[in-house]
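Structure data (mmCIF, C-alpha atoms, pLDDT in the B column; chains and numbers go by the auth columns) from protein_27.cif:
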data_final
#
loop_
_atom_site.group_PDB
_atom_site.id
_atom_site.type_symbol
_atom_site.label_atom_id
_atom_site.label_comp_id
_atom_site.label_asym_id
_atom_site.label_seq_id
_atom_site.Cartn_x
_atom_site.Cartn_y
_atom_site.Cartn_z
_atom_site.B_iso_or_equiv
_atom_site.auth_seq_id
_atom_site.auth_asym_id
ATOM 1 C CA GLY A 1 0.920 17.053 -1.007 61.00 1 A
ATOM 2 C CA ALA A 2 0.016 15.301 -4.201 67.00 2 A
ATOM 3 C CA VAL A 3 -3.516 14.010 -4.513 87.00 3 A
ATOM 4 C CA VAL A 4 -4.827 10.876 -6.124 91.00 4 A
ATOM 5 C CA SER A 5 -8.547 10.679 -6.604 93.00 5 A
ATOM 6 C CA GLN A 6 -10.227 7.301 -6.852 95.00 6 A
ATOM 7 C CA HIS A 7 -13.849 6.960 -7.888 95.00 7 A
ATOM 8 C CA PRO A 8 -16.265 5.545 -6.930 95.00 8 A
ATOM 9 C CA SER A 9 -15.503 4.951 -3.264 93.00 9 A
ATOM 10 C CA TRP A 10 -18.256 2.379 -2.943 94.00 10 A
ATOM 11 C CA VAL A 11 -20.119 0.338 -5.518 96.00 11 A
ATOM 12 C CA ILE A 12 -22.682 -2.420 -5.289 96.00 12 A
ATOM 13 C CA CYS A 13 -23.520 -4.328 -8.431 95.00 13 A
ATOM 14 C CA LYS A 14 -25.274 -7.434 -9.614 96.00 14 A
ATOM 15 C CA SER A 15 -23.352 -10.518 -10.577 96.00 15 A
ATOM 16 C CA GLY A 16 -22.461 -10.488 -14.254 96.00 16 A
ATOM 17 C CA THR A 17 -22.191 -6.752 -14.648 96.00 17 A
ATOM 18 C CA SER A 18 -19.006 -4.797 -15.249 97.00 18 A
ATOM 19 C CA VAL A 19 -17.684 -2.106 -12.967 97.00 19 A
ATOM 20 C CA LYS A 20 -15.206 0.614 -13.837 97.00 20 A
ATOM 21 C CA ILE A 21 -12.982 2.246 -11.231 97.00 21 A
ATOM 22 C CA GLU A 22 -11.089 5.423 -12.012 97.00 22 A
ATOM 23 C CA CYS A 23 -7.794 6.577 -10.566 95.00 23 A
ATOM 24 C CA ARG A 24 -6.708 10.142 -11.264 94.00 24 A
ATOM 25 C CA SER A 25 -3.594 12.003 -10.265 92.00 25 A
ATOM 26 C CA LEU A 26 -4.918 15.499 -9.706 91.00 26 A
ATOM 27 C CA ASP A 27 -1.830 17.644 -9.566 87.00 27 A
ATOM 28 C CA PHE A 28 0.931 15.633 -11.169 87.00 28 A
ATOM 29 C CA GLN A 29 1.512 13.389 -14.124 87.00 29 A
ATOM 30 C CA ALA A 30 1.877 9.708 -13.447 86.00 30 A
ATOM 31 C CA THR A 31 3.356 7.509 -16.127 84.00 31 A
ATOM 32 C CA THR A 32 2.973 4.547 -13.816 88.00 32 A
ATOM 33 C CA MET A 33 0.056 3.591 -11.644 92.00 33 A
ATOM 34 C CA PHE A 34 -0.506 0.453 -9.615 92.00 34 A
ATOM 35 C CA TRP A 35 -3.666 -1.419 -8.732 95.00 35 A
ATOM 36 C CA TYR A 36 -4.028 -3.370 -5.509 95.00 36 A
ATOM 37 C CA ARG A 37 -6.734 -5.557 -4.070 96.00 37 A
ATOM 38 C CA GLN A 38 -7.354 -6.086 -0.397 93.00 38 A
ATOM 39 C CA PHE A 39 -9.629 -8.750 1.037 90.00 39 A
ATOM 40 C CA PRO A 40 -11.020 -8.191 4.532 86.00 40 A
ATOM 41 C CA LYS A 41 -8.362 -8.259 7.208 83.00 41 A
ATOM 42 C CA GLN A 42 -5.674 -9.088 4.682 88.00 42 A
ATOM 43 C CA SER A 43 -2.808 -7.237 3.112 90.00 43 A
ATOM 44 C CA LEU A 44 -2.788 -5.287 -0.101 92.00 44 A
ATOM 45 C CA MET A 45 -1.921 -7.518 -3.009 93.00 45 A
ATOM 46 C CA LEU A 46 -0.548 -5.971 -6.157 92.00 46 A
ATOM 47 C CA MET A 47 -2.688 -6.831 -9.155 95.00 47 A
ATOM 48 C CA ALA A 48 -1.044 -4.970 -11.981 94.00 48 A
ATOM 49 C CA THR A 49 1.213 -2.149 -13.048 91.00 49 A
ATOM 50 C CA SER A 50 -0.409 0.337 -15.378 89.00 50 A
ATOM 51 C CA ASN A 51 1.851 2.202 -17.787 87.00 51 A
ATOM 52 C CA GLU A 52 0.632 5.170 -19.772 86.00 52 A
ATOM 53 C CA GLY A 53 0.363 4.361 -23.441 84.00 53 A
ATOM 54 C CA SER A 54 1.177 0.672 -23.152 86.00 54 A
ATOM 55 C CA LYS A 55 -0.309 -2.556 -21.922 89.00 55 A
ATOM 56 C CA ALA A 56 -0.535 -3.192 -18.231 92.00 56 A
ATOM 57 C CA THR A 57 1.702 -5.742 -16.566 92.00 57 A
ATOM 58 C CA TYR A 58 -0.260 -8.218 -14.496 95.00 58 A
ATOM 59 C CA GLU A 59 0.949 -10.121 -11.474 93.00 59 A
ATOM 60 C CA GLN A 60 0.878 -13.886 -11.518 92.00 60 A
ATOM 61 C CA GLY A 61 -2.566 -15.263 -10.947 93.00 61 A
ATOM 62 C CA VAL A 62 -4.421 -12.104 -11.970 95.00 62 A
ATOM 63 C CA GLU A 63 -6.682 -12.595 -14.985 94.00 63 A
ATOM 64 C CA LYS A 64 -6.025 -9.793 -17.444 93.00 64 A
ATOM 65 C CA ASP A 65 -9.256 -10.451 -19.320 94.00 65 A
ATOM 66 C CA LYS A 66 -11.179 -10.137 -16.082 96.00 66 A
ATOM 67 C CA PHE A 67 -9.478 -7.032 -14.791 97.00 67 A
ATOM 68 C CA LEU A 68 -9.060 -4.658 -17.703 96.00 68 A
ATOM 69 C CA ILE A 69 -6.678 -1.801 -17.142 95.00 69 A
ATOM 70 C CA ASN A 70 -6.457 1.264 -19.341 91.00 70 A
ATOM 71 C CA HIS A 71 -3.968 4.080 -18.803 90.00 71 A
ATOM 72 C CA ALA A 72 -4.852 6.373 -21.632 83.00 72 A
ATOM 73 C CA SER A 73 -3.452 9.582 -20.224 90.00 73 A
ATOM 74 C CA LEU A 74 -0.803 10.721 -17.791 90.00 74 A
ATOM 75 C CA THR A 75 -3.396 11.439 -15.139 92.00 75 A
ATOM 76 C CA LEU A 76 -5.916 8.640 -15.494 94.00 76 A
ATOM 77 C CA SER A 77 -5.892 4.884 -15.139 94.00 77 A
ATOM 78 C CA THR A 78 -9.038 2.778 -15.070 96.00 78 A
ATOM 79 C CA LEU A 79 -9.671 -0.710 -13.780 97.00 79 A
ATOM 80 C CA THR A 80 -12.714 -2.502 -15.154 97.00 80 A
ATOM 81 C CA VAL A 81 -13.909 -5.610 -13.381 97.00 81 A
ATOM 82 C CA THR A 82 -15.699 -7.494 -16.130 97.00 82 A
ATOM 83 C CA SER A 83 -18.565 -9.878 -15.487 96.00 83 A
ATOM 84 C CA ALA A 84 -18.177 -9.401 -11.769 96.00 84 A
ATOM 85 C CA HIS A 85 -18.908 -12.246 -9.402 96.00 85 A
ATOM 86 C CA PRO A 86 -19.301 -12.282 -5.616 96.00 86 A
ATOM 87 C CA GLU A 87 -15.735 -13.502 -5.202 95.00 87 A
ATOM 88 C CA ASP A 88 -14.570 -10.271 -6.825 96.00 88 A
ATOM 89 C CA SER A 89 -15.977 -8.353 -3.869 96.00 89 A
ATOM 90 C CA SER A 90 -13.010 -6.620 -2.361 96.00 90 A
ATOM 91 C CA PHE A 91 -11.372 -3.294 -1.605 95.00 91 A
ATOM 92 C CA TYR A 92 -9.496 -2.009 -4.636 96.00 92 A
ATOM 93 C CA ILE A 93 -6.916 0.721 -4.256 95.00 93 A
ATOM 94 C CA CYS A 94 -4.734 2.475 -6.772 94.00 94 A
ATOM 95 C CA SER A 95 -1.487 4.334 -6.422 92.00 95 A
ATOM 96 C CA ALA A 96 0.266 6.764 -8.698 89.00 96 A
ATOM 97 C CA HIS A 97 3.995 7.078 -9.027 82.00 97 A
ATOM 98 C CA ARG A 98 5.425 10.555 -8.752 77.00 98 A
ATOM 99 C CA VAL A 99 9.155 10.744 -9.295 69.00 99 A
ATOM 100 C CA ALA A 100 11.648 12.786 -7.305 60.00 100 A
ATOM 101 C CA THR A 101 9.612 13.258 -4.168 59.00 101 A
ATOM 102 C CA ASN A 102 10.080 11.861 -0.713 56.00 102 A
ATOM 103 C CA GLU A 103 6.753 10.088 -0.616 59.00 103 A
ATOM 104 C CA LYS A 104 6.910 8.995 -4.234 70.00 104 A
ATOM 105 C CA LEU A 105 3.806 6.817 -4.305 79.00 105 A
ATOM 106 C CA PHE A 106 0.425 8.338 -3.627 87.00 106 A
ATOM 107 C CA PHE A 107 -2.584 6.184 -2.943 91.00 107 A
ATOM 108 C CA GLY A 108 -6.192 6.721 -3.785 92.00 108 A
ATOM 109 C CA SER A 109 -8.764 6.367 -1.047 91.00 109 A
ATOM 110 C CA GLY A 110 -9.919 3.008 -2.351 93.00 110 A
ATOM 111 C CA THR A 111 -13.089 1.492 -3.797 95.00 111 A
ATOM 112 C CA GLN A 112 -15.163 -1.035 -1.919 95.00 112 A
ATOM 113 C CA LEU A 113 -16.803 -3.356 -4.452 96.00 113 A
ATOM 114 C CA SER A 114 -19.657 -5.552 -3.381 96.00 114 A
ATOM 115 C CA VAL A 115 -21.040 -7.975 -5.952 96.00 115 A
ATOM 116 C CA LEU A 116 -24.423 -9.433 -5.142 95.00 116 A
ATOM 117 C CA ALA B 1 12.632 -12.043 -4.433 74.00 1 B
ATOM 118 C CA GLN B 2 11.016 -9.259 -2.479 84.00 2 B
ATOM 119 C CA LYS B 3 9.328 -10.221 0.732 92.00 3 B
ATOM 120 C CA VAL B 4 8.070 -8.307 3.739 96.00 4 B
ATOM 121 C CA THR B 5 7.210 -10.126 6.939 97.00 5 B
ATOM 122 C CA GLN B 6 5.211 -8.713 9.793 97.00 6 B
ATOM 123 C CA VAL B 7 4.944 -11.520 12.297 95.00 7 B
ATOM 124 C CA GLN B 8 2.625 -9.678 14.650 97.00 8 B
ATOM 125 C CA THR B 9 -0.868 -10.012 13.221 95.00 9 B
ATOM 126 C CA GLU B 10 -2.632 -8.259 16.070 96.00 10 B
ATOM 127 C CA ILE B 11 -1.482 -6.298 19.120 97.00 11 B
ATOM 128 C CA SER B 12 -3.476 -4.760 21.941 97.00 12 B
ATOM 129 C CA VAL B 13 -2.021 -2.297 24.396 97.00 13 B
ATOM 130 C CA VAL B 14 -3.454 0.072 26.915 97.00 14 B
ATOM 131 C CA GLU B 15 -3.386 3.745 26.081 97.00 15 B
ATOM 132 C CA LYS B 16 -0.134 5.532 26.944 97.00 16 B
ATOM 133 C CA GLU B 17 1.915 2.392 26.634 97.00 17 B
ATOM 134 C CA ASP B 18 4.700 2.175 24.089 98.00 18 B
ATOM 135 C CA VAL B 19 4.367 -0.368 21.325 98.00 19 B
ATOM 136 C CA THR B 20 6.780 -1.632 18.675 98.00 20 B
ATOM 137 C CA LEU B 21 5.673 -3.113 15.385 98.00 21 B
ATOM 138 C CA ASP B 22 8.192 -5.427 13.791 98.00 22 B
ATOM 139 C CA CYS B 23 9.071 -5.647 10.125 98.00 23 B
ATOM 140 C CA VAL B 24 11.611 -7.896 8.431 98.00 24 B
ATOM 141 C CA TYR B 25 12.301 -7.740 4.735 97.00 25 B
ATOM 142 C CA GLU B 26 14.082 -9.638 1.990 95.00 26 B
ATOM 143 C CA THR B 27 15.508 -8.170 -1.178 92.00 27 B
ATOM 144 C CA ARG B 28 18.179 -8.959 -3.716 88.00 28 B
ATOM 145 C CA ASP B 29 18.910 -5.331 -4.476 88.00 29 B
ATOM 146 C CA THR B 30 21.274 -2.998 -2.668 89.00 30 B
ATOM 147 C CA THR B 31 19.062 -0.034 -3.469 89.00 31 B
ATOM 148 C CA TYR B 32 15.587 -0.222 -2.094 92.00 32 B
ATOM 149 C CA TYR B 33 13.009 1.740 -0.184 91.00 33 B
ATOM 150 C CA LEU B 34 11.133 0.809 2.936 94.00 34 B
ATOM 151 C CA PHE B 35 7.795 2.269 3.922 93.00 35 B
ATOM 152 C CA TRP B 36 5.300 2.297 6.724 96.00 36 B
ATOM 153 C CA TYR B 37 1.649 3.027 6.049 95.00 37 B
ATOM 154 C CA LYS B 38 -1.279 3.342 8.407 95.00 38 B
ATOM 155 C CA GLN B 39 -4.718 2.126 7.389 94.00 39 B
ATOM 156 C CA PRO B 40 -7.467 3.369 9.709 92.00 40 B
ATOM 157 C CA PRO B 41 -10.929 1.739 9.653 88.00 41 B
ATOM 158 C CA SER B 42 -12.014 4.085 6.869 85.00 42 B
ATOM 159 C CA GLY B 43 -9.640 2.197 4.556 87.00 43 B
ATOM 160 C CA GLU B 44 -7.411 4.838 3.046 87.00 44 B
ATOM 161 C CA LEU B 45 -3.670 4.454 3.296 90.00 45 B
ATOM 162 C CA VAL B 46 -1.789 7.097 5.225 90.00 46 B
ATOM 163 C CA PHE B 47 1.882 7.478 4.396 89.00 47 B
ATOM 164 C CA LEU B 48 4.108 7.541 7.456 93.00 48 B
ATOM 165 C CA ILE B 49 7.662 7.207 6.249 91.00 49 B
ATOM 166 C CA ARG B 50 9.920 6.254 3.374 88.00 50 B
ATOM 167 C CA ARG B 51 13.504 5.257 4.058 90.00 51 B
ATOM 168 C CA ASN B 52 16.114 4.434 1.446 89.00 52 B
ATOM 169 C CA SER B 53 18.561 1.605 1.931 92.00 53 B
ATOM 170 C CA PHE B 54 21.567 3.891 2.268 90.00 54 B
ATOM 171 C CA ASP B 55 20.186 5.820 5.190 87.00 55 B
ATOM 172 C CA GLU B 56 20.369 3.812 8.384 86.00 56 B
ATOM 173 C CA GLN B 57 19.793 6.697 10.716 85.00 57 B
ATOM 174 C CA ASN B 58 16.928 6.188 13.058 87.00 58 B
ATOM 175 C CA GLU B 59 14.135 8.673 12.655 88.00 59 B
ATOM 176 C CA ILE B 60 11.788 10.246 15.126 90.00 60 B
ATOM 177 C CA SER B 61 8.643 12.131 14.255 91.00 61 B
ATOM 178 C CA GLY B 62 6.628 13.130 17.274 94.00 62 B
ATOM 179 C CA ARG B 63 5.491 9.965 19.010 96.00 63 B
ATOM 180 C CA TYR B 64 6.656 7.812 16.103 97.00 64 B
ATOM 181 C CA SER B 65 10.129 6.425 15.667 96.00 65 B
ATOM 182 C CA TRP B 66 11.710 3.969 13.292 96.00 66 B
ATOM 183 C CA ASN B 67 14.702 1.713 13.756 96.00 67 B
ATOM 184 C CA PHE B 68 16.334 0.580 10.521 96.00 68 B
ATOM 185 C CA GLN B 69 18.895 -2.210 10.901 95.00 69 B
ATOM 186 C CA LYS B 70 20.350 -3.460 7.635 93.00 70 B
ATOM 187 C CA SER B 71 22.332 -6.149 9.448 93.00 71 B
ATOM 188 C CA THR B 72 19.129 -7.842 10.489 95.00 72 B
ATOM 189 C CA SER B 73 17.003 -6.617 7.557 96.00 73 B
ATOM 190 C CA SER B 74 14.568 -5.031 9.924 97.00 74 B
ATOM 191 C CA PHE B 75 12.669 -1.779 9.926 97.00 75 B
ATOM 192 C CA ASN B 76 10.732 -1.589 13.162 97.00 76 B
ATOM 193 C CA PHE B 77 8.222 1.073 14.095 98.00 77 B
ATOM 194 C CA THR B 78 7.624 2.299 17.637 98.00 78 B
ATOM 195 C CA ILE B 79 4.751 4.402 18.909 98.00 79 B
ATOM 196 C CA THR B 80 5.407 5.962 22.278 97.00 80 B
ATOM 197 C CA ALA B 81 2.644 7.051 24.622 97.00 81 B
ATOM 198 C CA SER B 82 0.063 5.404 22.400 97.00 82 B
ATOM 199 C CA GLN B 83 -3.348 6.952 21.913 97.00 83 B
ATOM 200 C CA VAL B 84 -6.692 5.488 20.937 96.00 84 B
ATOM 201 C CA VAL B 85 -6.444 7.287 17.586 95.00 85 B
ATOM 202 C CA ASP B 86 -3.419 5.160 16.798 97.00 86 B
ATOM 203 C CA SER B 87 -5.688 2.145 16.452 97.00 87 B
ATOM 204 C CA ALA B 88 -5.356 0.973 12.874 97.00 88 B
ATOM 205 C CA VAL B 89 -3.676 -1.574 10.669 96.00 89 B
ATOM 206 C CA TYR B 90 -0.060 -0.753 9.989 97.00 90 B
ATOM 207 C CA PHE B 91 1.696 -2.006 6.889 96.00 91 B
ATOM 208 C CA CYS B 92 5.401 -2.244 6.272 97.00 92 B
ATOM 209 C CA ALA B 93 6.335 -2.227 2.601 95.00 93 B
ATOM 210 C CA LEU B 94 9.306 -2.506 0.270 94.00 94 B
ATOM 211 C CA SER B 95 10.062 -1.299 -3.235 89.00 95 B
ATOM 212 C CA GLU B 96 13.035 -1.799 -5.522 83.00 96 B
ATOM 213 C CA PRO B 97 13.321 1.331 -7.655 76.00 97 B
ATOM 214 C CA PHE B 98 15.726 -0.101 -10.205 71.00 98 B
ATOM 215 C CA ARG B 99 13.701 -3.232 -10.722 67.00 99 B
ATOM 216 C CA ASP B 100 10.071 -2.276 -11.097 67.00 100 B
ATOM 217 C CA ASP B 101 9.311 0.200 -8.353 71.00 101 B
ATOM 218 C CA LYS B 102 6.123 -1.534 -7.287 81.00 102 B
ATOM 219 C CA ILE B 103 5.461 -1.652 -3.581 86.00 103 B
ATOM 220 C CA ILE B 104 5.163 -5.002 -1.875 90.00 104 B
ATOM 221 C CA PHE B 105 3.304 -4.956 1.400 94.00 105 B
ATOM 222 C CA GLY B 106 3.618 -7.059 4.492 95.00 106 B
ATOM 223 C CA LYS B 107 0.461 -8.641 5.843 94.00 107 B
ATOM 224 C CA GLY B 108 -0.040 -5.843 8.305 96.00 108 B
ATOM 225 C CA THR B 109 -0.328 -5.579 12.065 97.00 109 B
ATOM 226 C CA ARG B 110 -3.682 -4.674 13.520 96.00 110 B
ATOM 227 C CA LEU B 111 -3.088 -2.408 16.498 97.00 111 B
ATOM 228 C CA HIS B 112 -5.727 -1.904 19.161 97.00 112 B
ATOM 229 C CA ILE B 113 -5.167 0.864 21.662 97.00 113 B
ATOM 230 C CA LEU B 114 -7.448 0.310 24.623 96.00 114 B
ATOM 231 C CA PRO B 115 -8.667 3.295 26.631 93.00 115 B
#
Re-express the file's structure as structure tokens.
Amino acid sequence: GAVVSQHPSWVICKSGTSVKIECRSLDFQATTMFWYRQFPKQSLMLMATSNEGSKATYEQGVEKDKFLINHASLTLSTLTVTSAHPEDSSFYICSAHRVATNEKLFFGSGTQLSVL
Amino acid sequence: AQKVTQVQTEISVVEKEDVTLDCVYETRDTTYYLFWYKQPPSGELVFLIRRNSFDEQNEISGRYSWNFQKSTSSFNFTITASQVVDSAVYFCALSEPFRDDKIIFGKGTRLHILP
């Protein structure tokens, strides 16, 4: 099946620093990728839709200046958490949209961010 | 608006018992997809099934089965002869392909299979 690689899988950083998370579709091109956030024991909440070559579309309540999304190629989208704070600690997971397949959306393995 | 409701937040059953996870959805579209995903403790999402809104046939895959009822907007998931390895959080989800195609998840049901 199609593979989406998400890196890093775990990151610990100091408050105030920025963290970049990469999401790559390894064997297909993805014009659309999605970024989700999951707090402990809660559901996945969609943060934004990342479209290759254009600006990301953010869900209500998600700060676009805080969570920078870049989808510069058909196989790579990045999420940068700028000036991270402890409340940004969460599990972040991306998915890539592959058309014309039964599964259609393929998820990365997630990134656990811990901000000290 | 899209909405997925999983009323069961946590279920515990003894191994080998059957268990059904409920999912009710809301959508304005006639064309939509429903999904079930499994999230084991390691955190990754494991795809289980995708069903489109025009296919109401029930599906069975090994010990897993799904009951899609458009009349009640439900898409329930049953595990028969449960095993300890089935312990995980299970998410029901919905997408509307002609709207924006993003997946909206329910809050998940945490399933504990006790040995």
Contact residues (chain A, partner chain B, 10 Å, all atoms listed in the file) as a CSV table (one decimal) with C-alpha atoms, keeping the file's coordinate frame:
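Wrote it out as selection24.csv, contents follow:
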chain,number,residue,atom,x,y,z
A,32,THR,CA,3.0,4.5,-13.8
A,33,MET,CA,0.1,3.6,-11.6
A,34,PHE,CA,-0.5,0.5,-9.6
A,35,TRP,CA,-3.7,-1.4,-8.7
A,36,TYR,CA,-4.0,-3.4,-5.5
A,38,GLN,CA,-7.4,-6.1,-0.4
A,41,LYS,CA,-8.4,-8.3,7.2
A,42,GLN,CA,-5.7,-9.1,4.7
A,43,SER,CA,-2.8,-7.2,3.1
A,44,LEU,CA,-2.8,-5.3,-0.1
A,45,MET,CA,-1.9,-7.5,-3.0
A,46,LEU,CA,-0.5,-6.0,-6.2
A,48,ALA,CA,-1.0,-5.0,-12.0
A,49,THR,CA,1.2,-2.1,-13.0
A,91,PHE,CA,-11.4,-3.3,-1.6
A,93,ILE,CA,-6.9,0.7,-4.3
A,95,SER,CA,-1.5,4.3,-6.4
A,97,HIS,CA,4.0,7.1,-9.0
A,102,ASN,CA,10.1,11.9,-0.7
A,103,GLU,CA,6.8,10.1,-0.6
A,104,LYS,CA,6.9,9.0,-4.2
A,105,LEU,CA,3.8,6.8,-4.3
A,106,PHE,CA,0.4,8.3,-3.6
A,107,PHE,CA,-2.6,6.2,-2.9
A,108,GLY,CA,-6.2,6.7,-3.8
A,109,SER,CA,-8.8,6.4,-1.0
A,110,GLY,CA,-9.9,3.0,-2.4
A,111,THR,CA,-13.1,1.5,-3.8
A,112,GLN,CA,-15.2,-1.0,-1.9
* Expanded to explicit residues, what is the PyMOL selection byres ((chain A and resi 63-80) around 9) for this file, as a ChimeraX atom specification? -> /A:18-35,47-62,81-84,94,96
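Between B:Ser61 and the candidates B:Val19, B:Ile79, B:Leu94, B:Val84, the tightest atom-to-atom separation, counting all atoms listed in the file, involves B:Ile79.
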* Length of the atom CA of B:Gln39 to atom CA of A:Leu116 vector [Å] ->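 It comes out at 26.1 Å.
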* Asked: What does the distance between atom CA of B:Glu17 and atom CA of B:Ser87 come to in Å, to one decimal place?
  ->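 Interatomic distance, atom CA of B:Glu17 to atom CA of B:Ser87: 12.7 Å.
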* To do: For atom CA of B:His112 and atom CA of B:Asp22, determine how far apart the two atoms are, in Å to one decimal place.
  => 15.3 Å
Add whatever atoms are absent from stretch 27-38 of chain A to reach N, CA and C atoms, and provide the output as an mmCIF file, keeping the file's coordinate frame.
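Saved as part_24.cif:
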data_model
loop_
_atom_site.group_PDB
_atom_site.id
_atom_site.type_symbol
_atom_site.label_atom_id
_atom_site.label_comp_id
_atom_site.auth_asym_id
_atom_site.auth_seq_id
_atom_site.Cartn_x
_atom_site.Cartn_y
_atom_site.Cartn_z
ATOM 1 N N ASP A 27 -2.745 16.518 -9.414
ATOM 2 C CA ASP A 27 -1.830 17.644 -9.566
ATOM 3 C C ASP A 27 -0.441 17.221 -10.009
ATOM 4 N N PHE A 28 -0.348 16.038 -10.594
ATOM 5 C CA PHE A 28 0.931 15.633 -11.169
ATOM 6 C C PHE A 28 0.658 14.586 -12.232
ATOM 7 N N GLN A 29 1.644 14.386 -13.072
ATOM 8 C CA GLN A 29 1.512 13.389 -14.124
ATOM 9 C C GLN A 29 2.129 12.080 -13.658
ATOM 10 N N ALA A 30 1.437 11.019 -13.912
ATOM 11 C CA ALA A 30 1.877 9.708 -13.447
ATOM 12 C C ALA A 30 1.978 8.754 -14.629
ATOM 13 N N THR A 31 3.195 8.465 -15.036
ATOM 14 C CA THR A 31 3.356 7.509 -16.127
ATOM 15 C C THR A 31 3.077 6.091 -15.658
ATOM 16 N N THR A 32 3.210 5.885 -14.366
ATOM 17 C CA THR A 32 2.973 4.547 -13.816
ATOM 18 C C THR A 32 1.976 4.626 -12.674
ATOM 19 N N MET A 33 1.007 3.744 -12.746
ATOM 20 C CA MET A 33 0.056 3.591 -11.644
ATOM 21 C C MET A 33 -0.042 2.113 -11.299
ATOM 22 N N PHE A 34 -0.407 1.831 -10.075
ATOM 23 C CA PHE A 34 -0.506 0.453 -9.615
ATOM 24 C C PHE A 34 -1.914 0.203 -9.073
ATOM 25 N N TRP A 35 -2.374 -1.009 -9.275
ATOM 26 C CA TRP A 35 -3.666 -1.419 -8.732
ATOM 27 C C TRP A 35 -3.477 -2.552 -7.742
ATOM 28 N N TYR A 36 -4.105 -2.379 -6.572
ATOM 29 C CA TYR A 36 -4.028 -3.370 -5.509
ATOM 30 C C TYR A 36 -5.434 -3.835 -5.153
ATOM 31 N N ARG A 37 -5.468 -5.022 -4.574
ATOM 32 C CA ARG A 37 -6.734 -5.557 -4.070
ATOM 33 C C ARG A 37 -6.501 -5.984 -2.635
ATOM 34 N N GLN A 38 -7.476 -5.725 -1.805
ATOM 35 C CA GLN A 38 -7.354 -6.086 -0.397
ATOM 36 C C GLN A 38 -8.627 -6.762 0.072
#
